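Structure first, commentary second.
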Amino acid sequence: VIKQTTIMKLNAGIVTEKLAESKAFYTNVLGFGVSFENDFYVLLHTPNHAAEFSLLAAEHPSQQPLFRPAYGGQGAYLTLEVLDVDDVYARISRQNVPIAFAVRSEPW
């Protein structure tokens, strides 16, 4: 049983070979801010500071071997909720960002 006084915060992260490019995507396309950054790690926050997400450079010698290989690109997902998905979709489309499938309504 976890006491109510326990504070828990989740920070999902991706180990990447494209640290600068990934940072640019989340900041320039999605409007994330940078909470902290050094040469091998970037901690990003959503525009309203409600959540954080981190990027870690692959194969960095300061990291334990478990955290050195770059993410392979399959088997994980991130969900971003916005107030006006049509507006965000249109804005991202105008930036020529590759989109795997169009916005659509789902039964859930």
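We label chains A, B, ... in the order they appear in the structure tokens, count residues from 1 in each chain, and number ligands from 1 in the order shown.
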Practice problem: Quick one: everything within 6 Å of Ala57 (chain A), counting only C-alpha atoms, minus sequence neighbours fewer than 3 positions away in the same chain. Send it as a list of chain:residue names. | Solution: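 That gives A:Val15, A:Thr16, A:Glu17, A:Leu19, A:Phe40.
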Selected residues written out with N, CA, C and O atoms, as a JSON list (two decimals), in the first residue's frame:
[["chain", "number", "residue", "atom", "x", "y", "z"],
["A", 15, "VAL", "N", 15.90, 7.13, -25.75],
["A", 15, "VAL", "CA", 17.32, 7.18, -26.06],
["A", 15, "VAL", "C", 17.41, 7.29, -27.58],
["A", 15, "VAL", "O", 16.84, 6.48, -28.30],
["A", 16, "THR", "N", 18.11, 8.30, -28.06],
["A", 16, "THR", "CA", 18.10, 8.59, -29.49],
["A", 16, "THR", "C", 19.48, 8.92, -30.04],
["A", 16, "THR", "O", 20.31, 9.51, -29.35],
["A", 17, "GLU", "N", 19.68, 8.56, -31.29],
["A", 17, "GLU", "CA", 20.90, 8.95, -32.01],
["A", 17, "GLU", "C", 20.73, 10.35, -32.61],
["A", 17, "GLU", "O", 21.68, 10.91, -33.13],
["A", 19, "LEU", "N", 19.58, 13.46, -31.10],
["A", 19, "LEU", "CA", 19.19, 14.31, -29.97],
["A", 19, "LEU", "C", 18.77, 15.71, -30.43],
["A", 19, "LEU", "O", 17.69, 16.18, -30.07],
["A", 40, "PHE", "N", 24.17, 15.70, -23.47],
["A", 40, "PHE", "CA", 23.66, 14.36, -23.77],
["A", 40, "PHE", "C", 22.22, 14.12, -23.30],
["A", 40, "PHE", "O", 21.67, 13.04, -23.49]]
Quiz item: Counting only C-alpha atoms, which of A:Lys18, A:Lys23, A:Arg91, A:His45 gets nearest to Glu59 (chain A)?
Solution: A:Lys18
Quiz item: What separation in Å, quoted to one decimal, exists between CA of Glu21 (chain A) and CA of Gly73 (chain A)?
Solution: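 Separating CA of Glu21 (chain A) from CA of Gly73 (chain A) is a distance of 14.9 Å.
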Quiz item: Which polymer residues have any atom within 12 Å of an atom of Pro61 (chain A), counting only C-alpha atoms, with same-chain residues fewer than 6 positions away left out, as an MDAnalysis selection string?
Solution: chainID A and resid 39:40 67:69
Output N, CA and C atoms for every residue in that selection, as a PDB file, in the first residue's frame.
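Result file is result.pdb:
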ATOM      1  N   ASP A  39      24.871  18.312 -22.774  1.00  0.00           N
ATOM      2  CA  ASP A  39      25.316  17.790 -24.068  1.00  0.00           C
ATOM      3  C   ASP A  39      24.748  16.426 -24.428  1.00  0.00           C
ATOM      4  N   PHE A  40      24.167  15.697 -23.468  1.00  0.00           N
ATOM      5  CA  PHE A  40      23.656  14.356 -23.772  1.00  0.00           C
ATOM      6  C   PHE A  40      22.223  14.120 -23.298  1.00  0.00           C
ATOM      7  N   PHE A  67      21.034   1.872 -20.735  1.00  0.00           N
ATOM      8  CA  PHE A  67      20.500   3.105 -21.292  1.00  0.00           C
ATOM      9  C   PHE A  67      21.326   3.650 -22.456  1.00  0.00           C
ATOM     10  N   ARG A  68      22.206   2.856 -23.022  1.00  0.00           N
ATOM     11  CA  ARG A  68      23.033   3.324 -24.139  1.00  0.00           C
ATOM     12  C   ARG A  68      22.448   3.049 -25.517  1.00  0.00           C
ATOM     13  N   PRO A  69      21.823   1.901 -25.765  1.00  0.00           N
ATOM     14  CA  PRO A  69      21.327   1.661 -27.126  1.00  0.00           C
ATOM     15  C   PRO A  69      20.176   2.601 -27.484  1.00  0.00           C
TER      16      PRO A  69
END
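Of the residues in chain A, those that DSSP places in strand (DSSP E or B) on the basis of the backbone are Ala12, Gly13, Ile14, Val15, Thr16, Gly33, Val34, Ser35, Phe36, Glu37, Tyr41, Val42, Leu43, Leu44, His45, Glu52, Phe53, Ser54, Leu55, Leu56 and Ala57 of chain A.
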